[in-house]
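Student: Below you'll find coords.tsv; it's TSV, C-alpha atoms and all ligand atoms.
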```
chain	number	residue	atom	x	y	z
A	10	MET	CA	-52.84	143.20	-150.38
A	11	ALA	CA	-50.71	141.63	-147.62
A	12	ASN	CA	-51.16	137.91	-147.02
A	13	VAL	CA	-52.95	136.86	-143.88
A	14	ARG	CA	-51.63	133.78	-142.07
A	15	ILE	CA	-54.22	131.17	-141.20
A	16	THR	CA	-53.83	127.68	-139.79
A	17	ARG	CA	-53.87	124.61	-142.06
A	18	ARG	CA	-57.19	123.61	-140.50
A	19	GLU	CA	-58.74	126.97	-141.33
A	20	ALA	CA	-57.33	126.75	-144.85
A	21	LYS	CA	-59.01	123.34	-145.30
A	22	ARG	CA	-62.31	124.65	-143.92
A	23	HIS	CA	-62.04	127.58	-146.24
A	24	LEU	CA	-61.32	125.44	-149.25
A	25	SER	CA	-64.22	123.10	-148.59
A	26	GLY	CA	-66.49	126.17	-148.15
A	27	LEU	CA	-65.31	127.45	-151.53
A	28	VAL	CA	-65.96	124.10	-153.20
A	29	ASP	CA	-69.47	124.02	-151.65
A	30	ASP	CA	-70.11	127.57	-152.91
A	31	LEU	CA	-68.98	126.63	-156.41
A	32	ALA	CA	-71.14	123.50	-156.39
A	33	ARG	CA	-74.15	125.62	-155.33
A	34	HIS	CA	-73.32	128.09	-158.08
A	35	ILE	CA	-73.25	125.29	-160.66
A	36	ASP	CA	-76.63	124.04	-159.37
A	37	PHE	CA	-77.95	127.57	-159.72
A	38	LEU	CA	-76.74	127.70	-163.34
A	39	GLY	CA	-78.61	124.45	-163.96
A	40	GLU	CA	-81.81	126.02	-162.58
A	41	GLU	CA	-81.25	128.91	-165.02
A	42	GLY	CA	-81.23	126.43	-167.91
A	43	ILE	CA	-77.48	126.53	-168.47
A	44	THR	CA	-76.28	123.03	-169.18
A	45	GLU	CA	-72.59	123.66	-169.84
A	46	VAL	CA	-69.81	125.78	-168.53
A	47	ALA	CA	-66.44	126.56	-170.10
A	48	CYS	CA	-63.82	124.29	-168.60
A	49	SER	CA	-60.05	124.05	-168.85
A	50	PRO	CA	-59.07	121.15	-171.18
A	51	ALA	CA	-56.75	120.05	-168.39
A	52	ILE	CA	-59.70	118.97	-166.22
A	53	ALA	CA	-62.44	118.34	-168.83
A	54	PRO	CA	-63.65	114.74	-168.56
A	55	GLU	CA	-62.80	113.15	-171.94
A	56	SER	CA	-65.63	110.67	-171.70
A	57	LEU	CA	-68.31	113.38	-171.85
A	58	PRO	CA	-70.08	113.58	-175.22
A	59	VAL	CA	-69.59	116.79	-177.18
A	60	PRO	CA	-73.02	118.42	-177.29
A	61	GLY	CA	-74.53	119.74	-180.52
A	62	THR	CA	-75.33	123.38	-179.81
A	63	PRO	CA	-73.95	124.13	-176.43
A	64	ARG	CA	-75.05	127.25	-174.66
A	65	LYS	CA	-71.65	128.59	-173.65
A	66	ILE	CA	-71.10	130.97	-170.82
A	67	SER	CA	-67.94	132.88	-170.11
A	68	PRO	CA	-65.98	131.82	-167.04
A	69	GLN	CA	-67.31	133.41	-163.90
A	70	PRO	CA	-65.03	135.67	-161.89
A	71	PRO	CA	-63.96	133.93	-158.70
A	72	MET	CA	-66.59	134.21	-156.00
A	73	PRO	CA	-65.56	136.52	-153.18
A	74	LEU	CA	-64.28	134.62	-150.19
A	75	ALA	CA	-65.48	135.34	-146.71
A	76	PRO	CA	-62.56	136.99	-144.93
A	77	PRO	CA	-60.45	134.37	-143.19
A	78	VAL	CA	-61.20	134.11	-139.51
A	79	SER	CA	-58.10	133.65	-137.41
A	80	ASP	CA	-58.02	131.70	-134.14
A	81	ALA	CA	-57.64	135.04	-132.37
A	82	ASP	CA	-60.74	136.46	-134.12
A	83	ALA	CA	-62.86	133.42	-133.28
A	84	SER	CA	-61.77	133.49	-129.62
A	85	ALA	CA	-62.43	137.22	-129.45
A	86	GLU	CA	-65.90	136.78	-130.95
A	87	LEU	CA	-66.76	134.02	-128.50
A	88	LYS	CA	-65.49	136.15	-125.64
A	89	ALA	CA	-67.59	139.09	-126.82
A	90	ILE	CA	-70.69	136.85	-126.92
A	91	ALA	CA	-69.88	135.61	-123.40
A	92	GLN	CA	-69.56	139.18	-122.16
A	93	THR	CA	-72.93	140.12	-123.68
A	94	VAL	CA	-74.48	137.03	-122.09
A	95	ALA	CA	-73.00	137.96	-118.69
A	96	ALA	CA	-74.68	141.37	-118.86
A	97	CYS	CA	-77.95	140.11	-120.39
A	98	LYS	CA	-81.24	141.02	-118.67
A	99	LYS	CA	-83.60	140.14	-121.54
A	100	CYS	CA	-85.62	137.63	-119.52
A	101	GLY	CA	-86.46	136.99	-115.90
A	102	LEU	CA	-83.77	134.30	-115.47
A	103	HIS	CA	-81.09	136.94	-114.95
A	104	ALA	CA	-82.61	137.96	-111.61
A	105	LYS	CA	-81.64	134.81	-109.73
A	106	ARG	CA	-78.45	133.75	-111.50
A	107	ARG	CA	-75.13	133.77	-109.68
A	108	GLN	CA	-73.46	133.94	-113.04
A	109	ALA	CA	-74.34	133.27	-116.65
A	110	VAL	CA	-72.98	130.13	-118.30
A	111	PRO	CA	-72.11	130.85	-121.94
A	112	GLY	CA	-70.49	127.47	-122.67
A	113	GLN	CA	-66.90	126.45	-123.24
A	114	GLY	CA	-64.58	124.30	-125.33
A	115	ASN	CA	-62.69	124.11	-128.59
A	116	ILE	CA	-63.20	127.02	-130.97
A	117	TYR	CA	-63.21	124.66	-134.01
A	118	PRO	CA	-65.04	121.65	-132.64
A	119	ASP	CA	-66.04	118.55	-134.55
A	120	VAL	CA	-69.01	118.35	-132.20
A	121	LEU	CA	-71.07	121.00	-130.43
A	122	PHE	CA	-73.15	119.53	-127.59
A	123	ILE	CA	-76.17	121.60	-126.59
A	124	GLY	CA	-78.00	120.98	-123.33
A	125	GLU	CA	-80.95	122.62	-121.61
A	126	GLY	CA	-79.61	125.15	-119.15
A	127	PRO	CA	-77.25	125.51	-116.19
A	128	GLY	CA	-78.04	123.71	-112.94
A	129	GLU	CA	-76.80	124.65	-109.49
A	130	ASP	CA	-73.17	123.54	-110.01
A	131	GLU	CA	-72.97	125.28	-113.37
A	132	ASP	CA	-74.49	128.46	-111.91
A	133	LYS	CA	-71.80	128.39	-109.19
A	134	GLN	CA	-68.86	127.69	-111.49
A	135	GLY	CA	-69.95	129.53	-114.65
A	136	LEU	CA	-69.22	126.40	-116.72
A	137	ALA	CA	-71.62	124.16	-118.64
A	138	PHE	CA	-72.17	120.54	-117.59
A	139	VAL	CA	-69.94	120.32	-114.52
A	140	GLY	CA	-72.43	118.63	-112.15
A	141	ARG	CA	-73.70	115.03	-112.16
A	142	ALA	CA	-75.18	115.32	-115.65
A	143	GLY	CA	-71.86	116.79	-116.70
A	144	GLN	CA	-69.99	113.73	-115.41
A	145	MET	CA	-72.28	111.54	-117.48
A	146	LEU	CA	-71.67	113.74	-120.54
A	147	THR	CA	-67.91	113.54	-119.94
A	148	ARG	CA	-68.12	109.73	-119.96
A	149	LEU	CA	-69.95	109.85	-123.26
A	150	ILE	CA	-67.48	112.28	-124.81
A	151	THR	CA	-64.54	110.14	-123.64
A	152	ARG	CA	-66.13	106.99	-125.07
A	153	MET	CA	-66.48	108.79	-128.36
A	154	GLY	CA	-62.72	109.27	-128.37
A	155	TYR	CA	-62.68	112.98	-127.53
A	156	THR	CA	-61.77	115.05	-124.50
A	157	ARG	CA	-64.05	117.81	-123.21
A	158	ASP	CA	-61.52	120.36	-124.48
A	159	GLU	CA	-61.82	119.04	-128.01
A	160	VAL	CA	-65.58	119.63	-128.26
A	161	PHE	CA	-67.74	122.63	-127.38
A	162	ILE	CA	-70.43	122.38	-124.71
A	163	ALA	CA	-73.24	124.93	-124.44
A	164	ASN	CA	-76.88	125.25	-123.45
A	165	ILE	CA	-80.05	126.58	-124.97
A	166	VAL	CA	-80.46	129.04	-122.07
A	167	LYS	CA	-77.44	130.59	-120.42
A	168	CYS	CA	-78.89	131.29	-116.95
A	169	ARG	CA	-80.18	128.78	-114.40
A	170	PRO	CA	-83.96	128.34	-114.35
A	171	PRO	CA	-85.16	128.39	-110.70
A	172	ASN	CA	-85.29	124.93	-109.11
A	173	ASN	CA	-83.91	123.50	-112.35
A	174	ARG	CA	-87.29	123.80	-114.05
A	175	LYS	CA	-87.53	123.44	-117.81
A	176	PRO	CA	-86.86	126.80	-119.51
A	177	LEU	CA	-90.01	128.51	-120.81
A	178	PRO	CA	-90.42	128.93	-124.59
A	179	GLU	CA	-90.05	132.72	-124.25
A	180	GLU	CA	-86.83	132.29	-122.25
A	181	MET	CA	-85.43	130.01	-124.95
A	182	ASN	CA	-86.51	132.48	-127.66
A	183	MET	CA	-84.75	135.36	-125.90
A	184	CYS	CA	-81.56	133.36	-125.40
A	185	ARG	CA	-81.39	131.55	-128.76
A	186	PRO	CA	-79.62	134.41	-130.63
A	187	TYR	CA	-76.57	133.94	-128.37
A	188	LEU	CA	-76.39	130.27	-129.28
A	189	GLU	CA	-76.92	131.10	-132.95
A	190	GLN	CA	-74.03	133.55	-132.81
A	191	GLN	CA	-71.85	130.94	-131.13
A	192	ILE	CA	-72.71	128.37	-133.80
A	193	ALA	CA	-71.86	130.87	-136.54
A	194	VAL	CA	-68.38	131.32	-135.05
A	195	LEU	CA	-67.76	127.68	-134.07
A	196	LYS	CA	-68.98	126.14	-137.34
A	197	PRO	CA	-69.15	122.67	-135.75
A	198	LYS	CA	-69.16	119.71	-138.10
A	199	VAL	CA	-72.01	118.13	-136.13
A	200	ILE	CA	-74.42	119.41	-133.48
A	201	VAL	CA	-75.72	117.04	-130.79
A	202	LEU	CA	-78.95	118.16	-129.12
A	203	LEU	CA	-79.14	116.79	-125.60
A	204	GLY	CA	-82.77	116.36	-124.61
A	205	ALA	CA	-86.12	117.92	-125.35
A	206	SER	CA	-85.33	121.55	-124.51
A	207	ALA	CA	-82.29	121.67	-126.79
A	208	PHE	CA	-84.34	120.09	-129.58
A	209	GLU	CA	-87.39	122.31	-129.08
A	210	GLY	CA	-85.27	125.41	-128.59
A	211	LEU	CA	-83.20	125.09	-131.74
A	212	ILE	CA	-85.34	123.26	-134.30
A	213	PRO	CA	-88.78	124.61	-135.20
A	214	ARG	CA	-91.35	121.83	-134.81
A	215	ASP	CA	-94.47	121.35	-136.90
A	216	SER	CA	-96.29	119.70	-134.06
A	217	PRO	CA	-95.97	119.27	-130.29
A	218	TRP	CA	-96.28	115.51	-130.87
A	219	ILE	CA	-92.78	115.43	-132.33
A	220	THR	CA	-90.99	114.52	-129.13
A	221	ILE	CA	-87.34	113.80	-128.38
A	222	SER	CA	-88.14	110.06	-128.10
A	223	LYS	CA	-89.49	110.14	-131.65
A	224	VAL	CA	-86.69	112.15	-133.25
A	225	ARG	CA	-83.65	110.82	-131.42
A	226	GLY	CA	-81.30	108.89	-133.64
A	227	LYS	CA	-82.54	110.66	-136.78
A	228	TRP	CA	-80.48	113.24	-138.61
A	229	LEU	CA	-81.86	116.78	-138.66
A	230	GLU	CA	-80.22	119.89	-140.01
A	231	TYR	CA	-79.54	123.27	-138.49
A	232	GLN	CA	-78.21	125.92	-140.91
A	233	GLY	CA	-76.77	123.16	-143.09
A	234	ILE	CA	-75.05	121.49	-140.12
A	235	PRO	CA	-75.96	117.82	-139.51
A	236	THR	CA	-77.75	117.72	-136.18
A	237	MET	CA	-78.39	114.65	-134.04
A	238	PRO	CA	-80.99	114.77	-131.26
A	239	THR	CA	-80.52	112.35	-128.39
A	240	PHE	CA	-81.48	111.93	-124.75
A	241	HIS	CA	-80.21	114.31	-122.07
A	242	PRO	CA	-77.49	113.00	-119.71
A	243	SER	CA	-79.82	113.62	-116.72
A	244	TYR	CA	-82.30	111.22	-118.30
A	245	LEU	CA	-79.49	108.66	-118.50
A	246	LEU	CA	-78.89	109.06	-114.76
A	247	ARG	CA	-82.53	108.11	-114.16
A	248	ASN	CA	-82.74	105.51	-116.96
A	249	PRO	CA	-79.32	103.88	-117.45
A	250	ALA	CA	-80.71	101.51	-120.09
A	251	ALA	CA	-81.26	104.50	-122.39
A	252	MET	CA	-77.46	104.66	-122.72
A	253	TRP	CA	-77.77	102.05	-125.48
A	254	ASP	CA	-79.92	104.41	-127.52
A	255	VAL	CA	-77.59	107.33	-126.87
A	256	TRP	CA	-74.56	105.25	-127.75
A	257	ASN	CA	-76.25	104.20	-130.97
A	258	ASP	CA	-76.86	107.90	-131.78
A	259	MET	CA	-73.24	108.80	-131.02
A	260	GLN	CA	-72.04	106.02	-133.32
A	261	LEU	CA	-74.03	107.67	-136.11
A	262	VAL	CA	-72.30	110.93	-135.23
A	263	LEU	CA	-68.84	109.34	-135.32
A	264	THR	CA	-69.54	107.63	-138.63
A	265	ARG	CA	-70.70	110.95	-140.08
A	266	LEU	CA	-67.43	112.49	-138.92
A	267	GLY	CA	-65.47	109.74	-140.64
A	268	ARG	CA	-64.24	108.34	-137.32
A	269	THR	CA	-64.33	104.67	-136.45
A	270	PRO	CA	-66.74	104.22	-133.56
A	271	PRO	CA	-65.08	102.46	-130.61
A	272	PRO	CA	-66.66	99.15	-129.58
A	273	ALA	CA	-69.88	99.36	-127.57
A	274	PRO	CA	-69.32	99.66	-123.81
A	275	ALA	CA	-69.55	96.45	-121.81
A	276	LYS	CA	-72.94	96.01	-120.13
A	277	GLY	CA	-73.13	97.72	-116.76
A	278	LYS	CA	-70.34	100.24	-117.56
B	301	LIG	N1	-77.96	120.26	-117.63
B	301	LIG	C1	-77.87	120.99	-118.76
B	301	LIG	O1	-78.70	120.90	-119.64
B	301	LIG	N2	-76.86	121.81	-118.89
B	301	LIG	C2	-75.90	121.94	-117.98
B	301	LIG	O2	-74.97	122.71	-118.19
B	301	LIG	C3	-76.00	121.14	-116.83
B	301	LIG	C4	-77.03	120.31	-116.68
```
Do you think you could lay out the structure here as structure tokens?

Tutor:
Amino acid sequence: MANVRITRREAKRHLSGLVDDLARHIDFLGEEGITEVACSPAIAPESLPVPGTPRKISPQPPMPLAPPVSDADASAELKAIAQTVAACKKCGLHAKRRQAVPGQGNIYPDVLFIGEGPGEDEDKQGLAFVGRAGQMLTRLITRMGYTRDEVFIANIVKCRPPNNRKPLPEEMNMCRPYLEQQIAVLKPKVIVLLGASAFEGLIPRDSPWITISKVRGKWLEYQGIPTMPTFHPSYLLRNPAAMWDVWNDMQLVLTRLGRTPPPAPAKGK
């Protein structure tokens, strides 16, 4: 079979996926009661005691790898999702949109930011977070040491709710598969949920009392991806003091990504 060329970054992603798969496989063997596996003497830890009656298993054939995804494939998949979104009429929001807003950014982002839904500016330009809330998000992203092009920015619904109302649960349900498909392609290292709609739309809640104020700053998980809920940038425009909480949450994100968080912003900035 001819070799396929992939970038070093993809190769590293691939390798870490393979190691995770193998680790899961070893856990599975443990659940099956298998306590030992055959191991090359070159890597066997010498300090391990030799067990009495080991239950040996023959080496497993290598697990099949998911086919490598090239940059071109990932871009093409994201474009295909955007085209489907542009033609979508699954809920009533399509009727009043100027254009759908699928989201934009780096195809292999460290961070995927998810907001609520397009506002007027986004509906006009077809881009996520380009209005006032977008400027606030840009400041946050810059403070984190990234540019907007290095992260991916999307929303839970892709069409503007009339008068910027909160999207209805059924609208979020209809739209969520597009976001799920995007996440499957992007494979972000961390997801940041901006505000209540992003949180409620992506993470099933046991109770309506679990609000964004209660969960912000606490790690959640979406499909194995560490997920940090925090306040929406529009909330920061109305409550600047909440920036301290959001900054605290973003420091957790940076630490999780192995990046040194920059110093806290000076008061009033
Ligand atoms: N608010 C959002 O949640 N998303 C946008 O794209 C803009 C404002």

Student: Have a look at A:Pro197, A:Gln92, A:Met153, A:Pro118 and name the one nearest to Pro272 in chain A; count only C-alpha atoms.

Tutor: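 The shortest atom-to-atom distance to Pro272 in chain A comes from A:Met153.
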
Student: Show me which residues are within 9 Å of ligand LIG 301 (chain B) counting all atoms listed in the file, and format the list as a PyMOL selection string.

Tutor: chain A and resi 110+112+123-132+136-143+162-167+169+173+203-204+206-207+241-243

Student: Would you please work out which residue, of A:Asp254, A:Asp119, A:Asp158, A:Asp82, is nearest to Arg225 in chain A when using all atoms listed in the file?

Tutor: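 Going through A:Asp254, A:Asp119, A:Asp158, A:Asp82 one by one, the smallest distance to Arg225 in chain A is for A:Asp254.
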
Student: Taking 3 positions as the minimum chain separation for residues in the same chain, which residues sit within 8 Å of Asp80 in chain A when counting only C-alpha atoms? Answer as number ranges by chain.

Tutor: A: 83-84, 116

Student: Work out how far CA of Lys227 in chain A is from CA of Tyr117 in chain A, in Å to one decimal.

Tutor: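 Separation between CA of Tyr117 in chain A and CA of Lys227 in chain A: 24.0 Å.
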
Student: Any idea what the distance is between CA of Thr147 in chain A and CA of Cys184 in chain A?

Tutor: 24.7 Å

Student: Could you tell me how far CA of Ala95 in chain A lies from CA of Pro111 in chain A, in Å and to one decimal?

Tutor: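 CA of Ala95 in chain A sits 7.9 Å away from CA of Pro111 in chain A.
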